[in-house]
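Novice: My structure is stored as entry35.csv, with CSV, C-alpha atoms and all ligand atoms.
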chain,number,residue,atom,x,y,z
A,26,MET,CA,161.8,97.1,82.9
A,27,LYS,CA,158.4,96.0,84.1
A,28,ILE,CA,156.9,96.2,87.6
A,29,LEU,CA,156.0,92.8,89.0
A,30,GLN,CA,152.5,92.6,90.5
A,31,PHE,CA,151.1,90.7,93.4
A,32,PRO,CA,150.8,87.7,93.6
A,33,SER,CA,154.0,87.1,91.5
A,34,ALA,CA,156.2,84.6,93.3
A,35,ARG,CA,159.2,86.7,92.2
A,36,LEU,CA,158.1,89.4,94.7
A,37,ARG,CA,158.9,86.8,97.4
A,38,ILE,CA,162.6,86.4,96.5
A,39,VAL,CA,165.0,87.7,99.1
A,40,ALA,CA,167.5,90.1,97.4
A,41,LYS,CA,171.2,89.7,97.8
A,42,LYS,CA,173.7,92.2,99.2
A,43,ILE,CA,175.5,94.2,96.5
A,44,ILE,CA,179.3,93.6,96.7
A,45,ASN,CA,180.5,95.5,93.7
A,46,ILE,CA,178.8,98.7,92.5
A,47,THR,CA,179.2,98.1,88.8
A,48,ASP,CA,178.0,100.3,85.9
A,49,GLU,CA,175.1,97.9,85.6
A,50,VAL,CA,174.0,98.6,89.1
A,51,LYS,CA,174.1,102.3,88.4
A,52,GLU,CA,172.2,102.0,85.2
A,53,ASN,CA,169.6,99.9,87.0
A,54,LEU,CA,169.2,102.5,89.7
A,55,ASN,CA,168.5,105.2,87.0
A,56,SER,CA,166.0,103.0,85.2
A,57,MET,CA,164.3,102.3,88.5
A,58,LEU,CA,164.0,106.0,89.1
A,59,ASP,CA,162.6,106.5,85.6
A,60,ILE,CA,159.9,103.9,86.0
A,61,MET,CA,159.1,105.1,89.5
A,62,TYR,CA,158.5,108.7,88.3
A,63,GLN,CA,156.6,107.4,85.3
A,64,GLN,CA,154.2,105.4,87.6
A,65,LYS,CA,154.0,108.3,90.1
A,66,GLY,CA,155.4,106.3,92.9
A,67,ILE,CA,157.5,107.6,95.8
A,68,GLY,CA,159.6,104.5,96.1
A,69,LEU,CA,160.7,101.4,94.3
A,70,ALA,CA,162.7,98.4,95.3
A,71,ALA,CA,164.9,96.4,92.8
A,72,THR,CA,162.8,93.3,93.7
A,73,GLN,CA,159.8,95.0,92.1
A,74,VAL,CA,161.5,95.1,88.7
A,75,ASN,CA,162.8,91.5,89.0
A,76,ILE,CA,166.3,92.4,90.0
A,77,HIS,CA,167.2,90.6,93.2
A,78,GLN,CA,169.9,92.9,94.6
A,79,ARG,CA,169.6,95.1,97.7
A,80,MET,CA,168.9,98.6,96.3
A,81,ILE,CA,166.0,101.0,96.4
A,82,VAL,CA,165.1,104.4,95.0
A,83,LEU,CA,162.8,107.0,96.5
A,84,ASP,CA,161.6,110.5,96.3
A,85,VAL,CA,159.2,111.7,98.9
A,86,SER,CA,159.6,115.4,98.0
A,87,GLU,CA,156.5,117.3,97.0
A,88,LYS,CA,158.0,118.4,93.7
A,89,GLN,CA,159.5,115.0,93.0
A,90,ASN,CA,162.9,116.5,92.5
A,91,GLN,CA,164.9,114.9,95.3
A,92,ALA,CA,165.8,111.4,94.1
A,93,GLN,CA,167.6,109.1,96.5
A,94,LYS,CA,169.4,105.9,95.6
A,95,LEU,CA,170.1,103.6,98.5
A,96,ILE,CA,172.4,100.6,98.1
A,97,ASN,CA,172.3,97.9,100.8
A,98,PRO,CA,169.9,99.8,103.0
A,99,VAL,CA,169.6,98.6,106.6
A,100,ILE,CA,167.4,99.7,109.4
A,101,VAL,CA,169.6,100.1,112.4
A,102,GLU,CA,167.0,101.2,115.0
A,103,LYS,CA,163.3,101.9,115.2
A,104,PHE,CA,161.4,104.2,117.4
A,105,ASP,CA,157.7,104.6,118.2
A,106,ILE,CA,154.8,103.6,115.9
A,107,GLN,CA,152.8,105.4,113.3
A,108,GLU,CA,150.0,104.1,111.1
A,109,GLU,CA,149.5,105.7,107.8
A,110,GLU,CA,147.8,104.7,104.6
A,111,GLU,CA,150.2,103.0,102.1
A,112,GLY,CA,150.1,102.0,98.5
A,113,CYS,CA,152.4,100.0,96.3
A,114,LEU,CA,153.1,99.9,92.6
A,115,SER,CA,153.1,96.1,92.8
A,116,VAL,CA,149.6,96.1,94.3
A,117,PRO,CA,147.8,98.7,92.2
A,118,GLU,CA,144.9,100.8,93.4
A,119,PHE,CA,144.9,99.3,96.8
A,120,ARG,CA,145.7,101.3,100.0
A,121,ALA,CA,145.8,100.3,103.6
A,122,LYS,CA,146.9,101.6,107.0
A,123,ILE,CA,150.0,99.7,108.2
A,124,PRO,CA,151.8,100.0,111.5
A,125,ARG,CA,155.4,101.2,111.0
A,126,ALA,CA,158.1,102.7,113.1
A,127,LYS,CA,157.7,106.5,113.4
A,128,LYS,CA,161.4,107.2,113.4
A,129,ILE,CA,164.2,105.1,112.1
A,130,ILE,CA,168.0,105.2,112.0
A,131,PHE,CA,169.1,103.6,108.7
A,132,SER,CA,172.4,103.0,106.9
A,133,TYR,CA,173.2,102.6,103.2
A,134,VAL,CA,176.0,103.1,100.7
A,135,ASP,CA,175.8,105.5,97.7
A,136,GLU,CA,176.9,104.8,94.2
A,137,GLU,CA,180.5,105.9,95.1
A,138,ASN,CA,180.5,103.3,97.9
A,139,ASN,CA,180.4,106.0,100.6
A,140,SER,CA,178.7,104.7,103.8
A,141,PHE,CA,176.0,106.8,105.5
A,142,GLN,CA,174.0,106.5,108.7
A,143,LYS,CA,170.9,108.8,108.9
A,144,GLU,CA,167.7,109.4,110.7
A,145,ALA,CA,164.3,109.5,109.0
A,146,GLU,CA,160.8,110.3,110.2
A,147,GLY,CA,157.3,110.4,108.8
A,148,LEU,CA,156.7,109.6,105.2
A,149,LEU,CA,160.4,109.0,104.4
A,150,ALA,CA,160.6,106.5,107.3
A,151,ILE,CA,157.5,104.7,106.1
A,152,CYS,CA,158.9,104.6,102.5
A,153,ILE,CA,162.3,103.2,103.6
A,154,GLN,CA,160.6,100.5,105.7
A,155,HIS,CA,158.2,99.6,102.9
A,156,GLU,CA,161.0,99.3,100.3
A,157,ILE,CA,163.4,97.3,102.6
A,158,ASP,CA,160.5,94.9,103.2
A,159,HIS,CA,160.4,94.4,99.4
A,160,LEU,CA,164.1,93.4,99.4
A,161,ASN,CA,163.1,90.8,102.0
A,162,GLY,CA,160.3,89.4,99.9
A,163,LYS,CA,157.7,91.1,102.0
A,164,LEU,CA,154.7,93.2,100.9
A,165,PHE,CA,152.7,95.7,102.8
A,166,ILE,CA,149.6,93.6,102.5
A,167,ASP,CA,151.3,90.8,104.4
A,168,TYR,CA,150.5,92.9,107.5
A,169,LEU,CA,146.8,92.4,106.8
A,170,SER,CA,144.7,89.3,107.4
A,171,GLN,CA,144.8,86.4,104.9
A,172,ALA,CA,141.2,87.0,104.1
A,173,LYS,CA,142.0,90.5,103.1
A,174,ARG,CA,144.9,89.4,100.9
A,175,GLN,CA,142.7,86.9,99.2
A,176,GLN,CA,140.2,89.6,98.5
A,177,ILE,CA,142.9,91.8,96.9
A,178,ARG,CA,144.1,88.8,94.8
A,179,THR,CA,140.6,88.3,93.4
A,180,MET,CA,140.1,92.0,92.8
A,181,LEU,CA,143.4,92.3,90.8
A,182,LYS,CA,142.6,89.1,88.9
A,183,LYS,CA,139.3,90.6,87.8
A,184,LYS,CA,140.9,93.8,86.8
A,185,ARG,CA,143.5,92.1,84.7
A,186,LYS,CA,140.9,90.2,82.7
A,187,LYS,CA,139.3,93.5,81.6
A,201,ZN,ZN,155.8,98.6,97.3
Output the file's structure as structure tokens, nothing else.
Specialist:
Amino acid sequence: MKILQFPSARLRIVAKKIINITDEVKENLNSMLDIMYQQKGIGLAATQVNIHQRMIVLDVSEKQNQAQKLINPVIVEKFDIQEEEEGCLSVPEFRAKIPRAKKIIFSYVDEENNSFQKEAEGLLAICIQHEIDHLNGKLFIDYLSQAKRQQIRTMLKKKRKK
């Protein structure tokens, strides 16, 4: 598994809903968690590892010991706005403040196909919104100006050459 980096066109693919939670889906979720921890991320969407199915993993706990796997996550409702600095494993070493809902109600199914509806706030709410954006082919830098995105593209290109 490798993490796709901006400006890969594959990051723009809209992921498909998961109908059957197969062993392959479960294995992929575990591999996604491994690579997320390895890269010191707090969230990862399947899109980022070139799997175009609607699933994300995250862990916003301080000790990084509360892994969550969300299949077919959906934001049901959004409340208020917060603006915090975000980063992304697909846009390395770049951070920016992005407006997000402060509180969300979201739904998902787990690996045993149980459905849940929960509330999230703060960092967890940001993370879920960020990862669901990935499933829709959207990056956090899409909220910035085109000039800024061009700047990031040039910066990453230079870095890759090194
Ligand atoms: Zn990301």
Novice: Nearest residue to Met80 of chain A out of A:Asn139, A:Ser170, A:Gln63, A:Gln93, using all atoms listed in the file?
Specialist: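 Smallest distance to Met80 of chain A is found for A:Gln93.
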Novice: Identify which of the residues A:Ile38, A:Ile130, A:Ile166, A:Leu149 lies closest to ligand ZN 201 (chain A), counting only C-alpha atoms and all ligand atoms when measuring atom-to-atom distances.
Specialist: A:Ile166
Novice: Using all atoms listed in the file, determine which residues lie at most 12 Å from Ile43 of chain A, disregarding the query and same-chain residues fewer than 5 positions distant; provide the list as a PyMOL selection string.
Specialist: chain A and resi 49-51+71+76-81+95-98+133-136+138+160
Novice: Any residue with an atom at most 8 Å from ligand ZN 201 (chain A) counts, using only C-alpha atoms and all ligand atoms. Which are they? Put them as a PDB file with C-alpha atoms, in the frame of the given file.
Specialist:
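Output contents, as saved in part_34.pdb:
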ATOM      1  CA  GLY A  68     159.600 104.500  96.100  1.00  0.00           C
ATOM      2  CA  LEU A  69     160.700 101.400  94.300  1.00  0.00           C
ATOM      3  CA  ALA A  70     162.700  98.400  95.300  1.00  0.00           C
ATOM      4  CA  GLN A  73     159.800  95.000  92.100  1.00  0.00           C
ATOM      5  CA  GLY A 112     150.100 102.000  98.500  1.00  0.00           C
ATOM      6  CA  CYS A 113     152.400 100.000  96.300  1.00  0.00           C
ATOM      7  CA  LEU A 114     153.100  99.900  92.600  1.00  0.00           C
ATOM      8  CA  SER A 115     153.100  96.100  92.800  1.00  0.00           C
ATOM      9  CA  VAL A 116     149.600  96.100  94.300  1.00  0.00           C
ATOM     10  CA  HIS A 155     158.200  99.600 102.900  1.00  0.00           C
ATOM     11  CA  GLU A 156     161.000  99.300 100.300  1.00  0.00           C
ATOM     12  CA  HIS A 159     160.400  94.400  99.400  1.00  0.00           C
ATOM     13  CA  LEU A 164     154.700  93.200 100.900  1.00  0.00           C
ATOM     14  CA  PHE A 165     152.700  95.700 102.800  1.00  0.00           C
TER      15      PHE A 165
END
Novice: Just checking: using only C-alpha atoms, which residue out of A:Ile44, A:Leu54, A:Ile67, A:Met180 ends up closest to Ile151 of chain A?
Specialist: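 Residue with the minimum atom-to-atom distance to Ile151 of chain A: A:Ile67.
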Novice: What does the structure give for the distance between atom CA of Ile100 of chain A and atom CA of Asp84 of chain A, in Å to one decimal?
Specialist: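 According to the coordinates, atom CA of Ile100 of chain A and atom CA of Asp84 of chain A are separated by 17.9 Å.
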Novice: Excluding Glu102 of chain A and residues on its chain fewer than 2 positions from it, collect all residues at most 10 Å away from it, counting all atoms listed in the file, and give them as a PyMOL selection string.
Specialist: chain A and resi 99-100+104+126+128-132+144
Novice: Could you write out the selected residues, including C-alpha atoms, as a short mmCIF file (atom, residue, chain, number, x, y, z; two decimals), in the coordinates of the input?
Specialist:
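What follows is the written file result-v3.cif:
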data_model
loop_
_atom_site.label_atom_id
_atom_site.label_comp_id
_atom_site.auth_asym_id
_atom_site.auth_seq_id
_atom_site.Cartn_x
_atom_site.Cartn_y
_atom_site.Cartn_z
CA VAL A 99 169.60 98.60 106.60
CA ILE A 100 167.40 99.70 109.40
CA PHE A 104 161.40 104.20 117.40
CA ALA A 126 158.10 102.70 113.10
CA LYS A 128 161.40 107.20 113.40
CA ILE A 129 164.20 105.10 112.10
CA ILE A 130 168.00 105.20 112.00
CA PHE A 131 169.10 103.60 108.70
CA SER A 132 172.40 103.00 106.90
CA GLU A 144 167.70 109.40 110.70
#
